[in-house]
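Report on the following structure.
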Protein chains: 2
Amino acid sequence: MNEQIVRAFAPATVANLATGLDVLGLAIDGPGDVVTARRVPGTGVRITAVTGDGGHLPTDVDRNTAGIAATATLCRAGVEAGVALTLEKGLPLGSGLGGSAASAAAAAFAVNRLVGSPLRKGQLVEPCLEAEAVVSGCHADNVAPSLLGGLILVRSLNPLDLIRLPIPEGLAMAVVSPEFEIETRAAREVLPDQVPLSAMIQNTANIAGLVAACFSGDVSLLGRCIADDVVTPARTALIPGCDEVIRAALDHGALGSSISGSGPAVFALCRSRRSAREVAEAMKRAFEEAGLQSKAIVSPADCPGVRER
Amino acid sequence: MNEQIVRAFAPATVANLATGLDVLGLAIDGPGDVVTARRVPGTGVRITAVTGDGGHLPTDVDRNTAGIAATATLCRAGVEAGVALTLEKGLPLGSGLGGSAASAAAAAFAVNRLVGSPLRKGQLVEPCLEAEAVVSGCHADNVAPSLLGGLILVRSLNPLDLIRLPIPEGLAMAVVSPEFEIETRAAREVLPDQVPLSAMIQNTANIAGLVAACFSGDVSLLGRCIADDVVTPARTALIPGCDEVIRAALDHGALGSSISGSGPAVFALCRSRRSAREVAEAMKRAFEEAGLQSKAIVSPADCPGVRER
């Protein structure tokens with residue numbers, strides 16, 4: 001018998017990792033979004049409450065990623081059901097931590113489970129992509145890791161081709177999120193339409209090295225490959241103190257550091273949790289010097305995706 | 001005691017593999033260049049004979065990659081010696097098989113061995129790069145595999161950062177070289193200075209997938225990742241029948257196929273030597289239909305680099 005209520009948690013994610021715009025994303029442990037799905041009479045999805053968003057998110061089911069993903073999940077599963085959703089935003093809006101993707105992932109997972117799990121987790125990526133497309137463009141670098149956990153390479157969207165990359169043991173992430181909001185659309189608008197061929201060559205070299213490092217466990221190489229001259233400089237300009245925060249992370253022993261997704265959060269990949277704690281403090285101080293208060297997350301680099309809670 | 005004569009063979013190489021312009025190259029088994037180095041009185045390098053080049057290559061030591069690499073090797077080793085080189089070109093000029101790199105690799109290896117091997121093989125890459133820079137631009141995607149064998153990722157030139165990628169067992173290469181010459185410089189001039197951001201994203205996704213496939217042994221994925229919308233279309237236009245040759249390779253079971261280096265040779269990655277033989281025949285027929293005679297090489301995908309012969 002199908003459950004009458006399911007509550008699901010989907011984690012924050014760090015997309016891009018500097019060199020992998022739209023193609024790399026990693027789940028982290030810490031705050032996330034929670035969606036509760038209840039069976040109700042009739043058919044169709046509705047959103048009955050959104051909390052933790054400061055009143056900024058629409059409850060209109062077609063404009064909220066939780067609603068869009070829930071509807072698309074039922075559609076893909078070929079199930080007609082009445083579902084009421086509540087969304088508890090644990091992730092700040094416009095932070096670069098994949099909030100819209102986490103809402104979608106939690107909703108898709110909860111609704112799928114509510115109707116008897118007709119779809120596998122991997123099959124929830126496309127419903128979540130539909131949701132992302134409405135609010136921030138068609139990219140899976142947040143939804144895929146928020147659903148599947150770990151570090152995911154999005155090799156292709158059409159057809160969908162996702163590859164799980166191994167994460168060397170013991171690595172940790174420091175992610176520091178300043179009190180400052182960037183709209184994903186704005187962060188995408190600063191990206192150039194065209195990039196120098198030399199920059200493409202450099203990015204292909206770095207992402208290839210990053211993947212090799214994941215498999216071989218060469219964590220120094222992994223850190224060296226977190227580099228990019230295309231996306232990062234364009235977005236750095238939008239975030240007060242960003243260069244200094246990245247510099248502080250590297251000066252305090254981070255393997256690599258860059259902007260998380262479209263920012264303003266900044267991440268640092270570190271050798272250990274202990275190192276990540278120290279790095280996070282240094283990054284917070286650097287944001288403070290730029291006049292921004294911030295919150296730090298210290299997480300293992302290898303974390304699970306969406307799950308029941 | 002140092003040897004008085006050393007004869008070295010350096011193999012042909014397939015650079016780029018579609019998605020890795022300037023950053024990926026693979027050694028193949030078959031023809032290559034042979035350099036014989038002899039101790040002579042006095043100091044400095046000279047070239048006493050070049051054969052197999054149809055009289056087209058300079059014997060001027062500063063304009064021939066064998067001469068430049070030999071001189072740079074002695075310089076880097078801090079050795080003063082008199083050396084006479086002969087170069088036997090086994091690789092056709094302007095074929096896209098890394099001929100200039102093979103001459104450099106064979107010369108660097110032979111001269112280093114002649115003076116008692118003061119440098120390791122990996123230290124010969126930079127002397128060979130100097131040679132490549134003079135004739136075809138500064139890129140190591142041919143010299144690195146011609147020296148080191150196997151599949152090499154050139155993550156960075158400055159500082160030099162080379163990564164050996166594993167090659168799934170049993171794979172084979174079919175490489176078909178038409179009787180048609182493209183100057184490397186001309187093939188580089190057709191490349192765009194700027195590429196769409198979307199193309200960069202696609203190339204990073206594909207090279208990341210390719211590297212993952214090398215480590216995981218997923219040969220279908222490896223084939224899917226041999227794809228590129230930037231370099232290949234620009235160069236295809238220079239090579240009669242190129243699209244049809246690639247199509248013939250894929251239709252006959254190749255995992256992936258594209259232009260070798262700057263062309264006109266075309267390679268196909270295949271599941272086995274047997275498959276590669278069949279694919280090579282189909283590719284030759286396709287070139288013939290475009291009016292070009294061609295020669296085929298069938299090789300394991302994992303081959304050694306420069307060696308004494």
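Just so we're on the same page: first chain in the structure tokens is A, next is B, and so on; residues restart at 1 for each chain, and ligands are numbered from 1 in the order they show up.
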Could you give me the residues within range 187-248 of chain B that DSSP places in alpha helix (DSSP H), as a PDB file with N, CA, C and O atoms, in the first residue's frame?
ATOM      1  N   ALA B 187      46.483  23.931 -40.893  1.00  0.00           N
ATOM      2  CA  ALA B 187      45.403  23.285 -40.141  1.00  0.00           C
ATOM      3  C   ALA B 187      45.107  24.052 -38.856  1.00  0.00           C
ATOM      4  O   ALA B 187      43.988  24.021 -38.343  1.00  0.00           O
ATOM      5  N   ARG B 188      46.116  24.741 -38.342  1.00  0.00           N
ATOM      6  CA  ARG B 188      45.871  25.556 -37.146  1.00  0.00           C
ATOM      7  C   ARG B 188      45.198  26.873 -37.510  1.00  0.00           C
ATOM      8  O   ARG B 188      44.428  27.417 -36.717  1.00  0.00           O
ATOM      9  N   GLU B 189      45.505  27.364 -38.712  1.00  0.00           N
ATOM     10  CA  GLU B 189      44.914  28.654 -39.101  1.00  0.00           C
ATOM     11  C   GLU B 189      43.401  28.575 -39.298  1.00  0.00           C
ATOM     12  O   GLU B 189      42.719  29.596 -39.185  1.00  0.00           O
ATOM     13  N   LEU B 197      30.547  29.548 -25.848  1.00  0.00           N
ATOM     14  CA  LEU B 197      30.623  28.987 -24.497  1.00  0.00           C
ATOM     15  C   LEU B 197      30.017  27.587 -24.460  1.00  0.00           C
ATOM     16  O   LEU B 197      30.534  26.685 -23.796  1.00  0.00           O
ATOM     17  N   SER B 198      28.934  27.400 -25.212  1.00  0.00           N
ATOM     18  CA  SER B 198      28.267  26.092 -25.231  1.00  0.00           C
ATOM     19  C   SER B 198      29.200  25.008 -25.775  1.00  0.00           C
ATOM     20  O   SER B 198      29.162  23.863 -25.322  1.00  0.00           O
ATOM     21  N   ALA B 199      30.036  25.366 -26.728  1.00  0.00           N
ATOM     22  CA  ALA B 199      30.983  24.387 -27.284  1.00  0.00           C
ATOM     23  C   ALA B 199      32.056  24.048 -26.255  1.00  0.00           C
ATOM     24  O   ALA B 199      32.489  22.894 -26.148  1.00  0.00           O
ATOM     25  N   MET B 200      32.463  25.059 -25.496  1.00  0.00           N
ATOM     26  CA  MET B 200      33.432  24.785 -24.435  1.00  0.00           C
ATOM     27  C   MET B 200      32.835  23.812 -23.415  1.00  0.00           C
ATOM     28  O   MET B 200      33.489  22.860 -22.978  1.00  0.00           O
ATOM     29  N   ILE B 201      31.590  24.053 -23.049  1.00  0.00           N
ATOM     30  CA  ILE B 201      30.923  23.184 -22.078  1.00  0.00           C
ATOM     31  C   ILE B 201      30.868  21.748 -22.609  1.00  0.00           C
ATOM     32  O   ILE B 201      31.174  20.784 -21.894  1.00  0.00           O
ATOM     33  N   GLN B 202      30.509  21.626 -23.882  1.00  0.00           N
ATOM     34  CA  GLN B 202      30.397  20.303 -24.491  1.00  0.00           C
ATOM     35  C   GLN B 202      31.763  19.598 -24.530  1.00  0.00           C
ATOM     36  O   GLN B 202      31.870  18.406 -24.252  1.00  0.00           O
ATOM     37  N   ASN B 203      32.791  20.353 -24.867  1.00  0.00           N
ATOM     38  CA  ASN B 203      34.123  19.740 -24.915  1.00  0.00           C
ATOM     39  C   ASN B 203      34.632  19.347 -23.536  1.00  0.00           C
ATOM     40  O   ASN B 203      35.273  18.306 -23.382  1.00  0.00           O
ATOM     41  N   THR B 204      34.362  20.177 -22.534  1.00  0.00           N
ATOM     42  CA  THR B 204      34.790  19.793 -21.184  1.00  0.00           C
ATOM     43  C   THR B 204      34.039  18.535 -20.741  1.00  0.00           C
ATOM     44  O   THR B 204      34.620  17.635 -20.134  1.00  0.00           O
ATOM     45  N   ALA B 205      32.752  18.470 -21.053  1.00  0.00           N
ATOM     46  CA  ALA B 205      31.960  17.284 -20.683  1.00  0.00           C
ATOM     47  C   ALA B 205      32.516  16.040 -21.357  1.00  0.00           C
ATOM     48  O   ALA B 205      32.653  14.983 -20.733  1.00  0.00           O
ATOM     49  N   ASN B 206      32.860  16.170 -22.633  1.00  0.00           N
ATOM     50  CA  ASN B 206      33.338  14.995 -23.360  1.00  0.00           C
ATOM     51  C   ASN B 206      34.718  14.544 -22.907  1.00  0.00           C
ATOM     52  O   ASN B 206      34.964  13.347 -22.759  1.00  0.00           O
ATOM     53  N   ILE B 207      35.624  15.486 -22.682  1.00  0.00           N
ATOM     54  CA  ILE B 207      36.959  15.034 -22.263  1.00  0.00           C
ATOM     55  C   ILE B 207      36.898  14.461 -20.848  1.00  0.00           C
ATOM     56  O   ILE B 207      37.594  13.491 -20.528  1.00  0.00           O
ATOM     57  N   ALA B 208      36.032  15.021 -20.007  1.00  0.00           N
ATOM     58  CA  ALA B 208      35.868  14.465 -18.658  1.00  0.00           C
ATOM     59  C   ALA B 208      35.331  13.039 -18.748  1.00  0.00           C
ATOM     60  O   ALA B 208      35.798  12.133 -18.034  1.00  0.00           O
ATOM     61  N   GLY B 209      34.358  12.825 -19.623  1.00  0.00           N
ATOM     62  CA  GLY B 209      33.812  11.480 -19.823  1.00  0.00           C
ATOM     63  C   GLY B 209      34.858  10.528 -20.379  1.00  0.00           C
ATOM     64  O   GLY B 209      34.935   9.354 -19.969  1.00  0.00           O
ATOM     65  N   LEU B 210      35.676  11.036 -21.290  1.00  0.00           N
ATOM     66  CA  LEU B 210      36.723  10.203 -21.883  1.00  0.00           C
ATOM     67  C   LEU B 210      37.711   9.729 -20.812  1.00  0.00           C
ATOM     68  O   LEU B 210      38.086   8.551 -20.765  1.00  0.00           O
ATOM     69  N   VAL B 211      38.115  10.632 -19.961  1.00  0.00           N
ATOM     70  CA  VAL B 211      39.075  10.257 -18.909  1.00  0.00           C
ATOM     71  C   VAL B 211      38.433   9.263 -17.936  1.00  0.00           C
ATOM     72  O   VAL B 211      39.041   8.261 -17.550  1.00  0.00           O
ATOM     73  N   ALA B 212      37.175   9.520 -17.563  1.00  0.00           N
ATOM     74  CA  ALA B 212      36.473   8.585 -16.675  1.00  0.00           C
ATOM     75  C   ALA B 212      36.410   7.198 -17.315  1.00  0.00           C
ATOM     76  O   ALA B 212      36.623   6.180 -16.644  1.00  0.00           O
ATOM     77  N   ALA B 213      36.136   7.166 -18.608  1.00  0.00           N
ATOM     78  CA  ALA B 213      36.020   5.888 -19.321  1.00  0.00           C
ATOM     79  C   ALA B 213      37.350   5.146 -19.357  1.00  0.00           C
ATOM     80  O   ALA B 213      37.390   3.917 -19.254  1.00  0.00           O
ATOM     81  N   CYS B 214      38.441   5.886 -19.496  1.00  0.00           N
ATOM     82  CA  CYS B 214      39.766   5.243 -19.490  1.00  0.00           C
ATOM     83  C   CYS B 214      39.999   4.536 -18.159  1.00  0.00           C
ATOM     84  O   CYS B 214      40.531   3.428 -18.123  1.00  0.00           O
ATOM     85  N   PHE B 215      39.605   5.175 -17.079  1.00  0.00           N
ATOM     86  CA  PHE B 215      39.829   4.576 -15.764  1.00  0.00           C
ATOM     87  C   PHE B 215      38.832   3.463 -15.476  1.00  0.00           C
ATOM     88  O   PHE B 215      39.172   2.461 -14.861  1.00  0.00           O
ATOM     89  N   SER B 216      37.578   3.650 -15.886  1.00  0.00           N
ATOM     90  CA  SER B 216      36.556   2.670 -15.509  1.00  0.00           C
ATOM     91  C   SER B 216      36.478   1.518 -16.503  1.00  0.00           C
ATOM     92  O   SER B 216      35.866   0.494 -16.204  1.00  0.00           O
ATOM     93  N   VAL B 219      34.152   1.165 -22.402  1.00  0.00           N
ATOM     94  CA  VAL B 219      34.617   1.496 -23.754  1.00  0.00           C
ATOM     95  C   VAL B 219      33.531   2.153 -24.612  1.00  0.00           C
ATOM     96  O   VAL B 219      33.841   2.921 -25.525  1.00  0.00           O
ATOM     97  N   SER B 220      32.261   1.877 -24.323  1.00  0.00           N
ATOM     98  CA  SER B 220      31.199   2.567 -25.070  1.00  0.00           C
ATOM     99  C   SER B 220      31.223   4.053 -24.745  1.00  0.00           C
ATOM    100  O   SER B 220      31.127   4.905 -25.635  1.00  0.00           O
ATOM    101  N   LEU B 221      31.365   4.358 -23.457  1.00  0.00           N
ATOM    102  CA  LEU B 221      31.483   5.757 -23.047  1.00  0.00           C
ATOM    103  C   LEU B 221      32.690   6.409 -23.713  1.00  0.00           C
ATOM    104  O   LEU B 221      32.609   7.528 -24.227  1.00  0.00           O
ATOM    105  N   LEU B 222      33.792   5.692 -23.730  1.00  0.00           N
ATOM    106  CA  LEU B 222      35.009   6.222 -24.364  1.00  0.00           C
ATOM    107  C   LEU B 222      34.716   6.618 -25.808  1.00  0.00           C
ATOM    108  O   LEU B 222      35.085   7.717 -26.265  1.00  0.00           O
ATOM    109  N   GLY B 223      34.011   5.762 -26.514  1.00  0.00           N
ATOM    110  CA  GLY B 223      33.669   6.069 -27.896  1.00  0.00           C
ATOM    111  C   GLY B 223      32.750   7.273 -28.016  1.00  0.00           C
ATOM    112  O   GLY B 223      32.976   8.162 -28.844  1.00  0.00           O
ATOM    113  N   ARG B 224      31.731   7.340 -27.158  1.00  0.00           N
ATOM    114  CA  ARG B 224      30.783   8.462 -27.205  1.00  0.00           C
ATOM    115  C   ARG B 224      31.471   9.803 -26.990  1.00  0.00           C
ATOM    116  O   ARG B 224      30.988  10.837 -27.443  1.00  0.00           O
ATOM    117  N   VAL B 231      36.880  21.958 -33.361  1.00  0.00           N
ATOM    118  CA  VAL B 231      38.071  21.747 -34.174  1.00  0.00           C
ATOM    119  C   VAL B 231      37.758  20.850 -35.367  1.00  0.00           C
ATOM    120  O   VAL B 231      38.166  21.122 -36.503  1.00  0.00           O
ATOM    121  N   THR B 232      37.016  19.774 -35.092  1.00  0.00           N
ATOM    122  CA  THR B 232      36.787  18.779 -36.129  1.00  0.00           C
ATOM    123  C   THR B 232      36.061  19.357 -37.341  1.00  0.00           C
ATOM    124  O   THR B 232      36.528  19.170 -38.469  1.00  0.00           O
ATOM    125  N   PRO B 233      34.938  20.090 -37.155  1.00  0.00           N
ATOM    126  CA  PRO B 233      34.258  20.617 -38.341  1.00  0.00           C
ATOM    127  C   PRO B 233      35.157  21.554 -39.159  1.00  0.00           C
ATOM    128  O   PRO B 233      35.123  21.533 -40.386  1.00  0.00           O
ATOM    129  N   ALA B 234      35.978  22.359 -38.460  1.00  0.00           N
ATOM    130  CA  ALA B 234      36.849  23.296 -39.178  1.00  0.00           C
ATOM    131  C   ALA B 234      37.861  22.549 -40.036  1.00  0.00           C
ATOM    132  O   ALA B 234      38.147  22.927 -41.174  1.00  0.00           O
ATOM    133  N   ARG B 235      38.388  21.458 -39.496  1.00  0.00           N
ATOM    134  CA  ARG B 235      39.434  20.738 -40.235  1.00  0.00           C
ATOM    135  C   ARG B 235      38.880  19.743 -41.240  1.00  0.00           C
ATOM    136  O   ARG B 235      39.524  19.430 -42.236  1.00  0.00           O
ATOM    137  N   THR B 236      37.680  19.235 -40.947  1.00  0.00           N
ATOM    138  CA  THR B 236      37.053  18.288 -41.865  1.00  0.00           C
ATOM    139  C   THR B 236      36.967  18.893 -43.261  1.00  0.00           C
ATOM    140  O   THR B 236      37.184  18.212 -44.272  1.00  0.00           O
ATOM    141  N   CYS B 242      36.411  13.362 -45.714  1.00  0.00           N
ATOM    142  CA  CYS B 242      36.652  13.122 -44.278  1.00  0.00           C
ATOM    143  C   CYS B 242      35.392  12.671 -43.536  1.00  0.00           C
ATOM    144  O   CYS B 242      35.421  11.688 -42.787  1.00  0.00           O
ATOM    145  N   ASP B 243      34.291  13.383 -43.761  1.00  0.00           N
ATOM    146  CA  ASP B 243      33.047  13.001 -43.065  1.00  0.00           C
ATOM    147  C   ASP B 243      32.645  11.571 -43.410  1.00  0.00           C
ATOM    148  O   ASP B 243      32.195  10.813 -42.535  1.00  0.00           O
ATOM    149  N   GLU B 244      32.803  11.216 -44.684  1.00  0.00           N
ATOM    150  CA  GLU B 244      32.416   9.880 -45.124  1.00  0.00           C
ATOM    151  C   GLU B 244      33.335   8.810 -44.518  1.00  0.00           C
ATOM    152  O   GLU B 244      32.893   7.701 -44.207  1.00  0.00           O
ATOM    153  N   VAL B 245      34.602   9.143 -44.356  1.00  0.00           N
ATOM    154  CA  VAL B 245      35.551   8.181 -43.766  1.00  0.00           C
ATOM    155  C   VAL B 245      35.181   7.922 -42.296  1.00  0.00           C
ATOM    156  O   VAL B 245      35.150   6.776 -41.837  1.00  0.00           O
ATOM    157  N   ILE B 246      34.884   9.004 -41.584  1.00  0.00           N
ATOM    158  CA  ILE B 246      34.479   8.858 -40.175  1.00  0.00           C
ATOM    159  C   ILE B 246      33.174   8.070 -40.091  1.00  0.00           C
ATOM    160  O   ILE B 246      33.022   7.159 -39.261  1.00  0.00           O
ATOM    161  N   ARG B 247      32.233   8.396 -40.972  1.00  0.00           N
ATOM    162  CA  ARG B 247      30.951   7.690 -40.994  1.00  0.00           C
ATOM    163  C   ARG B 247      31.167   6.200 -41.267  1.00  0.00           C
ATOM    164  O   ARG B 247      30.574   5.334 -40.621  1.00  0.00           O
ATOM    165  N   ALA B 248      32.066   5.890 -42.230  1.00  0.00           N
ATOM    166  CA  ALA B 248      32.347   4.482 -42.569  1.00  0.00           C
ATOM    167  C   ALA B 248      32.918   3.753 -41.358  1.00  0.00           C
ATOM    168  O   ALA B 248      32.545   2.605 -41.075  1.00  0.00           O
TER     169      ALA B 248
END
Discussion item. From a backbone DSSP assignment, name each residue in range 11-223 of chain A labelled strand (DSSP E or B), as a VMD selection string.
Written reply: chain A and resid 11 to 15 24 to 39 44 to 51 82 to 88 151 to 157 160 to 165 172 to 178 194 to 196
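Shortest atom-to-atom contact with chain B among A:Val45, A:Ala37, A:Ile68, A:Leu165: A:Leu165, counting only C-alpha atoms.
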Practice prompt. Tell me, as a PyMOL selection string, which residues lie within 8 Å of Thr43 in chain B, counting only C-alpha atoms; anything in the same chain fewer than 6 positions away does not count.
Written response: chain B and resi 80-83
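Taking CA of Ser136 in chain A as the reference point, CA of Ala104 in chain A is found at 12.3 Å.
Ranking A:Val134, A:Val6, A:Val111, A:Ile167 by their shortest atom-to-atom distance to Arg185 in chain A, with only C-alpha atoms included, puts A:Val134 first.
Around Met283 in chain B, within 10 Å and counting only C-alpha atoms, the residues found are Ala174, Val175, Val176, Ser177, Gly241, Cys242, Glu244, Val245, Ile246, Arg247, Ala248, Ala249, Leu250, His252, Val266, Phe267, Ala268, Arg277, Glu278, Glu288, Glu289, Ser294, Lys295 and Ala296 of chain B, once anything fewer than 5 positions away on its own chain is removed.
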Output the selection as a CSV table (one decimal), in the first residue's frame - N, CA, C and O atoms for each residue.
chain,number,residue,atom,x,y,z
B,174,ALA,N,42.6,2.0,-35.6
B,174,ALA,CA,42.8,2.0,-37.1
B,174,ALA,C,43.1,3.4,-37.5
B,174,ALA,O,42.4,4.3,-37.1
B,175,VAL,N,44.2,3.6,-38.2
B,175,VAL,CA,44.6,4.9,-38.6
B,175,VAL,C,44.8,4.9,-40.1
B,175,VAL,O,45.7,4.1,-40.6
B,176,VAL,N,44.1,5.7,-40.8
B,176,VAL,CA,44.2,5.7,-42.3
B,176,VAL,C,44.7,7.1,-42.8
B,176,VAL,O,44.1,8.1,-42.4
B,177,SER,N,45.8,7.0,-43.5
B,177,SER,CA,46.5,8.2,-43.9
B,177,SER,C,46.4,8.4,-45.4
B,177,SER,O,47.0,7.6,-46.2
B,241,GLY,N,36.5,13.9,-48.4
B,241,GLY,CA,35.9,12.6,-48.0
B,241,GLY,C,36.0,12.4,-46.5
B,241,GLY,O,35.5,11.3,-46.0
B,242,CYS,N,36.4,13.4,-45.7
B,242,CYS,CA,36.7,13.1,-44.3
B,242,CYS,C,35.4,12.7,-43.5
B,242,CYS,O,35.4,11.7,-42.8
B,244,GLU,N,32.8,11.2,-44.7
B,244,GLU,CA,32.4,9.9,-45.1
B,244,GLU,C,33.3,8.8,-44.5
B,244,GLU,O,32.9,7.7,-44.2
B,245,VAL,N,34.6,9.1,-44.4
B,245,VAL,CA,35.6,8.2,-43.8
B,245,VAL,C,35.2,7.9,-42.3
B,245,VAL,O,35.2,6.8,-41.8
B,246,ILE,N,34.9,9.0,-41.6
B,246,ILE,CA,34.5,8.9,-40.2
B,246,ILE,C,33.2,8.1,-40.1
B,246,ILE,O,33.0,7.2,-39.3
B,247,ARG,N,32.2,8.4,-41.0
B,247,ARG,CA,31.0,7.7,-41.0
B,247,ARG,C,31.2,6.2,-41.3
B,247,ARG,O,30.6,5.3,-40.6
B,248,ALA,N,32.1,5.9,-42.2
B,248,ALA,CA,32.3,4.5,-42.6
B,248,ALA,C,32.9,3.8,-41.4
B,248,ALA,O,32.5,2.6,-41.1
B,249,ALA,N,33.8,4.4,-40.6
B,249,ALA,CA,34.4,3.8,-39.4
B,249,ALA,C,33.3,3.4,-38.4
B,249,ALA,O,33.2,2.3,-37.9
B,250,LEU,N,32.4,4.4,-38.2
B,250,LEU,CA,31.4,4.2,-37.2
B,250,LEU,C,30.4,3.1,-37.6
B,250,LEU,O,30.0,2.3,-36.9
B,252,HIS,N,31.0,0.7,-39.4
B,252,HIS,CA,31.6,-0.7,-39.3
B,252,HIS,C,32.1,-1.1,-37.9
B,252,HIS,O,32.9,-1.9,-37.7
B,266,VAL,N,42.9,10.0,-40.5
B,266,VAL,CA,41.7,9.8,-39.7
B,266,VAL,C,41.9,8.5,-38.9
B,266,VAL,O,42.4,7.5,-39.4
B,267,PHE,N,41.6,8.6,-37.6
B,267,PHE,CA,41.7,7.4,-36.7
B,267,PHE,C,40.3,6.9,-36.3
B,267,PHE,O,39.3,7.6,-36.3
B,268,ALA,N,40.3,5.6,-35.9
B,268,ALA,CA,39.1,5.1,-35.3
B,268,ALA,C,39.5,4.2,-34.2
B,268,ALA,O,40.5,3.4,-34.3
B,277,ARG,N,40.9,-3.9,-38.1
B,277,ARG,CA,41.3,-4.3,-39.4
B,277,ARG,C,40.1,-4.1,-40.4
B,277,ARG,O,40.2,-3.5,-41.5
B,278,GLU,N,38.9,-4.5,-39.9
B,278,GLU,CA,37.7,-4.3,-40.8
B,278,GLU,C,37.4,-2.8,-41.0
B,278,GLU,O,37.0,-2.4,-42.1
B,288,GLU,N,39.0,6.3,-51.0
B,288,GLU,CA,39.1,6.0,-52.4
B,288,GLU,C,37.9,6.6,-53.2
B,288,GLU,O,38.1,7.2,-54.2
B,289,GLU,N,36.7,6.5,-52.6
B,289,GLU,CA,35.5,7.1,-53.2
B,289,GLU,C,35.7,8.6,-53.3
B,289,GLU,O,35.0,9.2,-54.2
B,294,SER,N,45.1,5.6,-49.9
B,294,SER,CA,45.5,5.8,-48.5
B,294,SER,C,46.2,4.6,-48.0
B,294,SER,O,46.1,3.5,-48.6
B,295,LYS,N,46.9,4.7,-46.9
B,295,LYS,CA,47.5,3.6,-46.2
B,295,LYS,C,46.9,3.4,-44.8
B,295,LYS,O,46.7,4.4,-44.2
B,296,ALA,N,46.8,2.2,-44.4
B,296,ALA,CA,46.2,1.9,-43.1
B,296,ALA,C,47.2,1.4,-42.1
B,296,ALA,O,48.1,0.6,-42.5
Worksheet entry | Straight-line distance linking CA of Ile28 in chain B with CA of Ser100 in chain B, stated in Å to one decimal | 15.1 Å
Discussion item. Need the shell around Val125 in chain A: protein/DNA/RNA residues with any atom at most 9 Å away, counting only C-alpha atoms. Skip same-chain ones fewer than 4 positions apart. Format as a PyMOL selection string?
Written reply: chain A and resi 105+108+121+129-130+140+143-144+147-148+160
How would the residues just picked look written out with C-alpha atoms as a short mmCIF file (atom, residue, chain, number, x, y, z; two decimals), in the first residue's frame?
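The result, written out as selection.cif:
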data_model
loop_
_atom_site.label_atom_id
_atom_site.label_comp_id
_atom_site.auth_asym_id
_atom_site.auth_seq_id
_atom_site.Cartn_x
_atom_site.Cartn_y
_atom_site.Cartn_z
CA ALA A 105 14.96 16.88 -5.79
CA ALA A 108 10.44 14.55 -6.87
CA LYS A 121 16.29 7.79 -8.41
CA LEU A 129 15.65 19.33 -14.91
CA GLU A 130 12.27 20.57 -16.13
CA ALA A 140 21.78 19.28 -14.25
CA VAL A 143 19.93 18.39 -9.51
CA ALA A 144 22.01 15.32 -10.37
CA LEU A 147 19.44 13.42 -6.11
CA LEU A 148 22.27 10.93 -6.46
CA LEU A 160 20.94 12.28 -20.41
#
Discussion item. Using Å and a single decimal, report how far CA of Glu179 in chain B sits from CA of Glu308 in chain B.
Written reply: 29.2 Å
